[in-house]
Structures are given as structure tokens and as C-alpha cells.
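Pasting structure-v1.cif here (mmCIF, C-alpha atoms):
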data_data
loop_
_atom_site.label_atom_id
_atom_site.label_comp_id
_atom_site.auth_asym_id
_atom_site.auth_seq_id
_atom_site.Cartn_x
_atom_site.Cartn_y
_atom_site.Cartn_z
CA MET A 101 147.50 119.03 95.05
CA GLN A 102 145.52 120.44 97.96
CA ALA A 103 143.32 122.27 95.48
CA ILE A 104 142.69 119.01 93.63
CA LEU A 105 141.67 117.24 96.82
CA THR A 106 139.31 120.09 97.65
CA VAL A 107 137.65 119.84 94.25
CA VAL A 108 137.39 116.07 94.57
CA ALA A 109 135.66 116.39 97.93
CA TRP A 110 133.24 119.02 96.56
CA VAL A 111 132.29 116.96 93.52
CA ALA A 112 131.91 113.83 95.63
CA SER A 113 129.52 115.64 97.92
CA SER A 114 127.60 116.90 94.87
CA VAL A 115 127.28 113.38 93.52
CA SER A 116 126.01 112.06 96.83
CA GLY A 117 123.41 114.81 96.80
CA PHE A 118 121.69 113.12 93.88
CA SER A 119 121.38 109.88 95.82
CA TYR A 120 119.57 108.70 98.90
CA MET A 121 121.58 107.71 101.93
CA ALA A 122 120.52 105.14 104.48
CA SER A 123 119.58 107.95 106.87
CA THR A 124 117.56 109.92 104.32
CA LEU A 125 115.17 107.26 103.03
CA PRO A 126 111.61 108.46 103.77
CA ASP A 127 109.52 106.95 106.53
CA ILE A 128 105.95 105.71 106.12
CA GLU A 129 104.73 108.88 107.90
CA ASN A 130 106.44 111.16 105.37
CA ALA A 131 103.68 113.11 103.61
CA ASP A 132 105.66 113.59 100.37
CA PHE A 133 106.46 109.89 100.23
CA ILE A 134 102.79 109.01 100.77
CA LYS A 135 101.63 111.48 98.14
CA GLU A 136 104.10 110.21 95.57
CA CYS A 137 103.21 106.55 96.13
CA VAL A 138 99.51 107.31 95.64
CA GLN A 139 99.95 109.71 92.72
CA ILE A 140 102.14 107.45 90.62
CA HIS A 141 99.95 104.41 91.15
CA ASP A 142 96.84 106.36 90.18
CA LYS A 143 98.56 107.97 87.22
CA PHE A 144 99.37 104.56 85.74
CA ARG A 145 95.93 103.20 86.62
CA SER A 146 94.22 106.11 84.83
CA GLU A 147 96.28 105.59 81.66
CA VAL A 148 95.81 101.86 81.06
CA ASN A 149 95.46 100.71 77.48
CA PRO A 150 92.98 99.32 76.61
CA PRO A 151 90.95 101.68 78.84
CA ALA A 152 89.26 100.33 81.96
CA ARG A 153 85.53 100.37 82.76
CA ASN A 154 85.98 99.72 86.48
CA MET A 155 89.35 101.06 87.66
CA LEU A 156 89.09 102.24 91.28
CA TYR A 157 90.96 105.24 92.60
CA MET A 158 93.73 104.08 94.92
CA SER A 159 94.35 105.85 98.25
CA TRP A 160 96.77 105.38 101.14
CA ASP A 161 96.30 102.84 103.91
CA PRO A 162 98.52 103.31 107.00
CA THR A 163 98.08 99.71 108.15
CA LEU A 164 99.26 98.32 104.82
CA ALA A 165 102.27 100.65 105.08
CA ARG A 166 103.10 99.39 108.57
CA ILE A 167 102.88 95.78 107.37
CA ALA A 168 105.20 96.62 104.45
CA LYS A 169 107.67 98.35 106.77
CA ALA A 170 107.74 95.48 109.26
CA TRP A 171 108.47 92.98 106.50
CA ALA A 172 111.02 95.21 104.75
CA LYS A 173 113.13 95.24 107.91
CA PHE A 174 113.80 91.52 107.47
CA CYS A 175 115.66 92.37 104.21
CA GLN A 176 114.44 89.31 102.32
CA PHE A 177 113.68 89.26 98.62
CA GLU A 178 110.54 87.19 98.99
CA HIS A 179 106.89 87.79 99.75
CA ASN A 180 105.53 88.09 103.26
CA PRO A 181 103.38 84.97 103.73
CA GLN A 182 101.47 86.56 106.64
CA ARG A 183 100.80 90.01 105.21
CA ALA A 184 97.01 89.65 105.31
CA GLN A 185 96.94 88.53 108.94
CA GLY A 186 97.82 91.96 110.26
CA HIS A 187 95.04 93.87 108.49
CA PRO A 188 91.56 94.31 109.97
CA ASN A 189 89.74 94.85 106.67
CA PHE A 190 91.43 92.74 103.98
CA THR A 191 91.61 88.98 103.90
CA GLN A 192 93.70 89.15 100.72
CA VAL A 193 96.66 91.54 100.42
CA GLY A 194 98.83 91.91 97.32
CA GLU A 195 102.53 92.76 97.44
CA ASN A 196 105.14 94.18 95.06
CA ILE A 197 108.87 94.31 95.88
CA TRP A 198 111.68 96.37 94.33
CA THR A 199 115.29 96.21 95.47
CA GLY A 200 118.13 98.28 94.05
CA SER A 201 120.93 100.75 94.61
CA LEU A 202 120.33 103.67 96.97
CA SER A 203 121.61 106.01 94.27
CA LEU A 204 119.03 104.75 91.78
CA PHE A 205 116.01 104.50 94.06
CA SER A 206 113.00 106.73 93.81
CA VAL A 207 109.32 105.92 94.22
CA SER A 208 108.72 106.78 90.58
CA SER A 209 111.51 104.56 89.24
CA ALA A 210 110.43 101.58 91.33
CA ILE A 211 106.73 101.75 90.43
CA SER A 212 107.64 102.47 86.80
CA ASP A 213 109.68 99.27 86.73
CA TRP A 214 106.63 97.34 87.90
CA TYR A 215 104.34 99.01 85.39
CA ASN A 216 106.79 98.53 82.52
CA GLU A 217 106.19 94.79 82.72
CA ILE A 218 103.19 95.64 80.51
CA LYS A 219 105.46 94.87 77.54
CA TYR A 220 105.38 91.22 78.55
CA TYR A 221 101.62 91.05 79.04
CA ASP A 222 99.02 90.34 76.35
CA PHE A 223 95.67 91.64 77.55
CA ASN A 224 93.67 89.70 74.97
CA THR A 225 95.09 86.30 75.87
CA ARG A 226 96.13 87.03 79.48
CA LYS A 227 99.47 85.50 78.56
CA CYS A 228 102.72 86.71 80.10
CA LYS A 229 106.05 86.25 78.28
CA LYS A 230 108.13 86.93 81.39
CA VAL A 231 107.36 88.37 84.82
CA CYS A 232 104.31 90.65 84.74
CA GLY A 233 102.60 90.07 88.08
CA HIS A 234 103.88 93.39 89.39
CA TYR A 235 102.21 95.19 86.49
CA THR A 236 98.89 93.42 86.92
CA GLN A 237 98.86 94.29 90.63
CA VAL A 238 99.54 97.98 89.95
CA VAL A 239 96.53 98.09 87.60
CA TRP A 240 94.31 95.63 89.47
CA ALA A 241 90.94 97.37 89.24
CA ASP A 242 89.55 96.19 92.59
CA SER A 243 92.61 97.24 94.62
CA TYR A 244 91.75 100.61 96.16
CA LYS A 245 94.24 100.86 99.03
CA VAL A 246 98.03 100.95 98.97
CA GLY A 247 100.67 101.21 101.66
CA CYS A 248 104.39 101.31 100.90
CA ALA A 249 107.67 101.39 102.80
CA VAL A 250 111.36 101.59 101.93
CA GLN A 251 114.14 100.18 104.08
CA PHE A 252 117.92 100.40 103.88
CA CYS A 253 119.44 96.92 103.86
CA PRO A 254 123.19 96.24 104.03
CA LYS A 255 122.32 92.97 102.32
CA VAL A 256 119.12 91.34 101.06
CA SER A 257 118.93 87.57 101.23
CA GLY A 258 118.66 86.10 97.75
CA LEU A 259 120.59 88.99 96.15
CA GLU A 260 124.31 89.58 95.83
CA PHE A 261 124.76 93.36 95.76
CA PRO A 262 125.08 95.21 99.12
CA ASN A 263 123.71 98.47 100.58
CA VAL A 264 120.35 98.68 98.85
CA ALA A 265 116.96 100.33 99.08
CA HIS A 266 114.33 97.66 99.71
CA PHE A 267 110.93 99.03 98.59
CA ILE A 268 107.66 97.19 99.25
CA CYS A 269 104.05 98.12 98.45
CA ASN A 270 101.06 96.23 99.81
CA TYR A 271 97.61 96.39 98.19
CA GLY A 272 94.10 95.81 99.46
CA PRO A 273 92.40 93.80 98.28
CA GLY A 274 95.20 92.01 96.44
CA GLY A 275 95.05 90.99 92.80
CA ASN A 276 95.16 87.52 91.30
CA TYR A 277 97.15 87.37 88.06
CA PRO A 278 95.49 84.53 86.08
CA THR A 279 92.32 86.58 85.54
CA TRP A 280 92.11 89.93 83.75
CA PRO A 281 93.31 92.79 86.00
CA TYR A 282 90.41 95.00 84.90
CA SER A 283 87.40 95.07 82.59
CA ARG A 284 88.09 97.01 79.42
CA GLY A 285 85.62 99.41 77.87
CA ALA A 286 84.45 103.00 78.15
CA THR A 287 86.16 104.58 81.16
CA CYS A 288 84.13 104.52 84.37
CA SER A 289 81.19 102.82 82.65
CA ALA A 290 81.19 100.04 85.26
CA CYS A 291 82.02 102.02 88.39
CA PRO A 292 80.26 100.89 91.60
CA LYS A 293 77.00 102.61 92.48
CA ASP A 294 77.38 106.13 93.95
CA ASP A 295 80.92 106.47 92.56
CA LYS A 296 81.98 109.42 90.46
CA CYS A 297 84.43 109.42 87.57
CA LEU A 298 87.59 111.44 88.05
CA ASN A 299 90.53 111.19 85.65
CA ASN A 300 89.27 107.84 84.34
CA LEU A 301 89.05 106.40 87.87
CA CYS A 302 86.08 105.53 90.06
CA VAL A 303 86.14 107.62 93.25
CA ASN A 304 84.02 107.46 96.38
CA PRO A 305 84.97 109.48 99.48
CA ARG A 306 83.48 106.94 101.87
CA ARG A 307 85.57 104.14 100.39
CA ASP A 308 88.70 106.17 99.80
CA ASN A 309 88.78 108.25 102.96
CA VAL A 310 91.94 108.11 105.05
CA THR A 311 92.45 110.77 107.71
CA ARG A 312 94.88 113.48 106.56
CA TYR A 313 95.75 111.90 103.22
CA TYR A 314 92.57 111.87 101.17
CA SER A 315 91.28 114.65 98.99
CA VAL A 316 88.52 114.60 96.42
CA VAL A 317 90.75 116.87 94.38
CA TYR A 318 92.74 114.53 92.21
CA PRO A 319 96.55 114.71 92.65
CA GLY A 320 98.25 117.17 90.32
CA TRP A 321 100.07 115.76 87.32
CA PRO A 322 102.53 115.42 85.70
CA ILE A 323 105.02 114.20 88.28
CA TYR A 324 108.60 115.06 87.49
CA SER A 325 110.21 112.65 89.91
CA ARG A 326 113.76 111.54 89.81
CA ASN A 327 114.20 108.19 88.13
CA ARG A 328 117.16 105.86 87.78
CA TYR A 329 118.18 107.20 84.36
CA THR A 330 118.16 110.80 85.53
CA SER A 331 120.23 109.84 88.57
CA LEU A 332 122.73 107.97 86.40
CA ILE A 333 123.10 110.90 84.00
CA LEU A 334 123.69 113.30 86.88
CA ILE A 335 126.33 111.02 88.38
CA VAL A 336 128.13 110.58 85.04
CA LYS A 337 128.09 114.32 84.40
CA SER A 338 129.54 114.95 87.84
CA VAL A 339 132.32 112.40 87.26
CA LEU A 340 133.17 113.98 83.91
CA LEU A 341 133.25 117.40 85.54
CA LEU A 342 135.58 116.06 88.21
CA LEU A 343 137.93 114.57 85.61
CA SER A 344 138.01 117.78 83.56
CA VAL A 345 138.85 119.86 86.66
CA ILE A 346 141.60 117.44 87.73
CA ILE A 347 143.14 117.40 84.26
CA THR A 348 143.05 121.19 84.10
CA LEU A 349 144.73 121.56 87.50
CA LEU A 350 147.39 118.98 86.67
CA VAL A 351 148.21 120.68 83.37
CA LYS A 352 148.46 124.08 85.04
CA GLU A 353 150.70 122.64 87.78
CA LYS A 354 153.04 121.01 85.25
CA TYR A 355 153.03 123.94 82.84
CA PRO A 356 152.55 127.06 85.01
CA ASN A 357 153.23 129.41 82.12
CA LEU A 358 150.72 127.80 79.84
CA VAL A 359 147.80 130.06 78.98
CA LEU A 360 144.43 128.29 78.62
CA LEU A 361 142.14 130.01 76.17
CA ASP A 362 138.33 129.83 76.42
#

Rewritten as C-alpha cells:
Amino acid sequence: MQAILTVVAWVASSVSGFSYMASTLPDIENADFIKECVQIHDKFRSEVNPPARNMLYMSWDPTLARIAKAWAKFCQFEHNPQRAQGHPNFTQVGENIWTGSLSLFSVSSAISDWYNEIKYYDFNTRKCKKVCGHYTQVVWADSYKVGCAVQFCPKVSGLEFPNVAHFICNYGPGGNYPTWPYSRGATCSACPKDDKCLNNLCVNPRRDNVTRYYSVVYPGWPIYSRNRYTSLILIVKSVLLLLSVIITLLVKEKYPNLVLLD
């Protein structure tokens, strides 16, 4: 039985290794977190269909990240009504919110959930069957700054499940859903003056520059980030492994002379 408990503890620790814990969620100063937030946004923005004539490259904004972090600490599933008041450059700031299990959270899964609202959006008619405002903000052509934060919340007001990752991204300038999020046509054909075209996005170092986090070299793709489905598969596989080990040990304990063949 002691051997079984040892195996259970080992597998449990392995399972937790695939998940974030409250103490391991990245901070807004974490370079990998910043890079992933920017890369995934720009990856989706570069791949819009129909293609965009005027899609700006999106880079990190530390002030937007601080605003997102301050609001995330309140653990409320609603938009920050004062998010634009704390920024010196933007009078309009957009905001996307994702809340879910710690074990299922990753930057890629959260932003992918927002982008996947594209299935509800008709570009030709600008009609939305369900919620699609998160998608239109991700691909809002004029938004060129993003700042994100994730916060552990024992409980989020407005939601029932406990112990969650509360992920917020703020955008400058913010989008406005009723109009088209971008102008479709030949990629980069309507970029602002002095911009260059890089991976279907309009780039300009003077506009995009943020100390330490900007590079004219476009982020490397593809991004093989953990997503919720990968996490779930890993957890299920670990549980199945645990069950198979327990069954094997119990059988050997009950039938010590039984020979198990490979």
C-alpha cells in the first residue's frame, strides 16, 4: 500500500506540472509572457480572412498592462469603466477578458478563444450571431498597442467556479464593434505613410517602439504554446497511467505468484 501511495503522489505532482498554480502565473514584467501576448495577437492579425489593407503591427504597452493588472485584482467579470483614464496617450482603450481554470489557462488558449468568435461574425454584413466583440478587438486594425495581465482569483464575481485565472488585455486605441474592424483588400496597400509591410502588417519603429520589447525583426512563428485541449489530454493520460499502476499493484498484492507477461 505504501508503494501505491508513493505512485499516487508522483503522478499527482506530474499532473500539477502541466497546470499553472496561483504562485506561478506570470507577472506583467515577465518577458516570455509579454512576447507571447504580442506574438499571438500579431499572428492572428496577420492571418485575417478576408485580408486586411491597413492592419497595424501590435506591440506591448507597459501602461496598458498595469491598468489591466490593477483591474484584474478586483476579480470581477466585467469591464473596467475607467480604463482610459489612467493612460497618457489613449482616450479610448479596448478590453478583452478571459476567465477559466488554472489548469486550462495559457495565453494562447485565451486569445484563441477570443479570435475563434470569428465563426459568429459575418464580415460582409457586419452581423454577429453571438458574442464576437472579443474577435473584432483582436483584429481591430487601428489598435497598435496591447498590455495584458493575469491574476489568480479564488472567486470572480458573476461566475460560480472557484480558483481561476483571470486574464485581461487592454488595447490602444480601442475598437468599436459596429463598424468594420479593418479595411479588406491587398495586404498593406493602405498602410500609413512611412510604414513598411512585414508579415502582412504595417510596421513603423517610431510608432511601435517600446523600450526593451520592440524589435523590427518580426516574432518567430509558429508558436507551439500549450492550450486547453493539450492540457486536458495530458491530465487524462496521467490519470489513466495512475489507474493502470494502481490496478497492477493491487493485482500483484492479491496474487503474488501471478506472472505478468509483457

Atomic separation - CA of His234 (chain A) relative to CA of Gln182 (chain A), Å: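 Going from CA of Gln182 (chain A) over to CA of His234 (chain A) covers 18.7 Å.
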
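For the pair CA of Glu136 (chain A) and CA of Thr279 (chain A), the separation is 28.2 Å.
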
Selection under test: the PyMOL selection byres ((chain A and resi 158) around 7); residues as a PyMOL selection string: chain A and resi 138+142+156-157+159+243-246

Target residues per the PyMOL selection byres ((chain A and resi 250) around 10), formatted as a PyMOL selection string: chain A and resi 125-128+133+165+168-169+172-173+197-199+205-207+248-249+251-253+264-269

Distance query 12 Å from (97.9, 94.6, 86.1) using only C-alpha atoms, result as a PyMOL selection string: chain A and resi 141+144-145+147-150+152+155+194+196+214-223+226-228+231-243+274-283

Atom-to-atom span, CA of Pro273 (chain A) and CA of His187 (chain A), Å: 10.5 Å

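The result of the PyMOL selection byres ((chain A and resi 286-300) around 7) on the shown file is Ser146, Pro151, Ala152, Arg153, Asn154, Gly285, Leu301, Cys302, Val303 and Asn304 of chain A.
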
How would region 228-239 of chain A read, as a tab-separated table (two decimals), in the coordinates of the input, once all heavy atoms are built in?
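Saved as part-v2.tsv:
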chain	number	residue	atom	x	y	z
A	228	CYS	N	101.59	85.92	79.65
A	228	CYS	CA	102.72	86.71	80.10
A	228	CYS	C	104.00	86.06	79.61
A	228	CYS	O	104.26	84.89	79.91
A	228	CYS	CB	102.71	86.80	81.62
A	228	CYS	SG	103.96	87.90	82.29
A	229	LYS	N	104.82	86.80	78.83
A	229	LYS	CA	106.05	86.25	78.28
A	229	LYS	C	107.11	86.06	79.36
A	229	LYS	O	107.87	85.11	79.33
A	229	LYS	CB	106.59	87.17	77.18
A	229	LYS	CG	105.68	87.30	75.97
A	229	LYS	CD	106.29	88.26	74.95
A	229	LYS	CE	105.37	88.45	73.77
A	229	LYS	NZ	105.93	89.43	72.80
A	230	LYS	N	107.18	87.01	80.28
A	230	LYS	CA	108.13	86.93	81.39
A	230	LYS	C	107.36	87.26	82.67
A	230	LYS	O	106.21	86.92	82.80
A	230	LYS	CB	109.30	87.89	81.17
A	230	LYS	CG	110.18	87.55	79.97
A	230	LYS	CD	111.35	88.51	79.85
A	230	LYS	CE	112.24	88.16	78.66
A	230	LYS	NZ	113.39	89.10	78.54
A	231	VAL	N	108.03	87.96	83.58
A	231	VAL	CA	107.36	88.37	84.82
A	231	VAL	C	106.46	89.56	84.53
A	231	VAL	O	106.90	90.55	83.94
A	231	VAL	CB	108.40	88.76	85.89
A	231	VAL	CG1	107.70	89.29	87.14
A	231	VAL	CG2	109.27	87.56	86.24
A	232	CYS	N	105.20	89.49	84.91
A	232	CYS	CA	104.31	90.65	84.74
A	232	CYS	C	103.30	90.77	85.88
A	232	CYS	O	102.37	91.55	85.81
A	232	CYS	CB	103.59	90.59	83.40
A	232	CYS	SG	102.65	89.09	83.11
A	233	GLY	N	103.51	89.99	86.94
A	233	GLY	CA	102.60	90.07	88.08
A	233	GLY	C	102.65	91.39	88.82
A	233	GLY	O	101.67	91.79	89.45
A	234	HIS	N	103.81	92.07	88.76
A	234	HIS	CA	103.88	93.39	89.39
A	234	HIS	C	102.99	94.39	88.64
A	234	HIS	O	102.28	95.19	89.25
A	234	HIS	CB	105.32	93.91	89.40
A	234	HIS	CG	106.29	93.00	90.08
A	234	HIS	ND1	107.05	92.07	89.40
A	234	HIS	CD2	106.63	92.86	91.39
A	234	HIS	CE1	107.82	91.41	90.25
A	234	HIS	NE2	107.58	91.86	91.47
A	235	TYR	N	103.05	94.32	87.31
A	235	TYR	CA	102.21	95.19	86.49
A	235	TYR	C	100.73	94.96	86.77
A	235	TYR	O	99.96	95.91	86.99
A	235	TYR	CB	102.50	94.99	85.01
A	235	TYR	CG	101.38	95.45	84.11
A	235	TYR	CD1	101.14	96.81	83.92
A	235	TYR	CD2	100.52	94.54	83.50
A	235	TYR	CE1	100.09	97.25	83.12
A	235	TYR	CE2	99.47	94.95	82.71
A	235	TYR	CZ	99.26	96.31	82.52
A	235	TYR	OH	98.20	96.74	81.75
A	236	THR	N	100.32	93.69	86.75
A	236	THR	CA	98.89	93.42	86.92
A	236	THR	C	98.40	93.85	88.31
A	236	THR	O	97.25	94.25	88.46
A	236	THR	CB	98.57	91.93	86.69
A	236	THR	OG1	99.41	91.12	87.54
A	236	THR	CG2	98.82	91.55	85.24
A	237	GLN	N	99.27	93.82	89.31
A	237	GLN	CA	98.86	94.29	90.63
A	237	GLN	C	98.73	95.81	90.65
A	237	GLN	O	97.79	96.35	91.25
A	237	GLN	CB	99.84	93.84	91.70
A	237	GLN	CG	99.56	94.38	93.09
A	237	GLN	CD	98.17	93.99	93.60
A	237	GLN	OE1	97.98	92.92	94.14
A	237	GLN	NE2	97.19	94.88	93.43
A	238	VAL	N	99.64	96.51	90.00
A	238	VAL	CA	99.54	97.98	89.95
A	238	VAL	C	98.22	98.41	89.33
A	238	VAL	O	97.61	99.39	89.77
A	238	VAL	CB	100.74	98.57	89.16
A	238	VAL	CG1	100.51	100.05	88.87
A	238	VAL	CG2	102.03	98.40	89.96
A	239	VAL	N	97.75	97.69	88.30
A	239	VAL	CA	96.53	98.09	87.60
A	239	VAL	C	95.35	97.18	87.94
A	239	VAL	O	94.38	97.13	87.18
A	239	VAL	CB	96.76	98.12	86.07
A	239	VAL	CG1	97.86	99.11	85.71
A	239	VAL	CG2	97.10	96.73	85.52
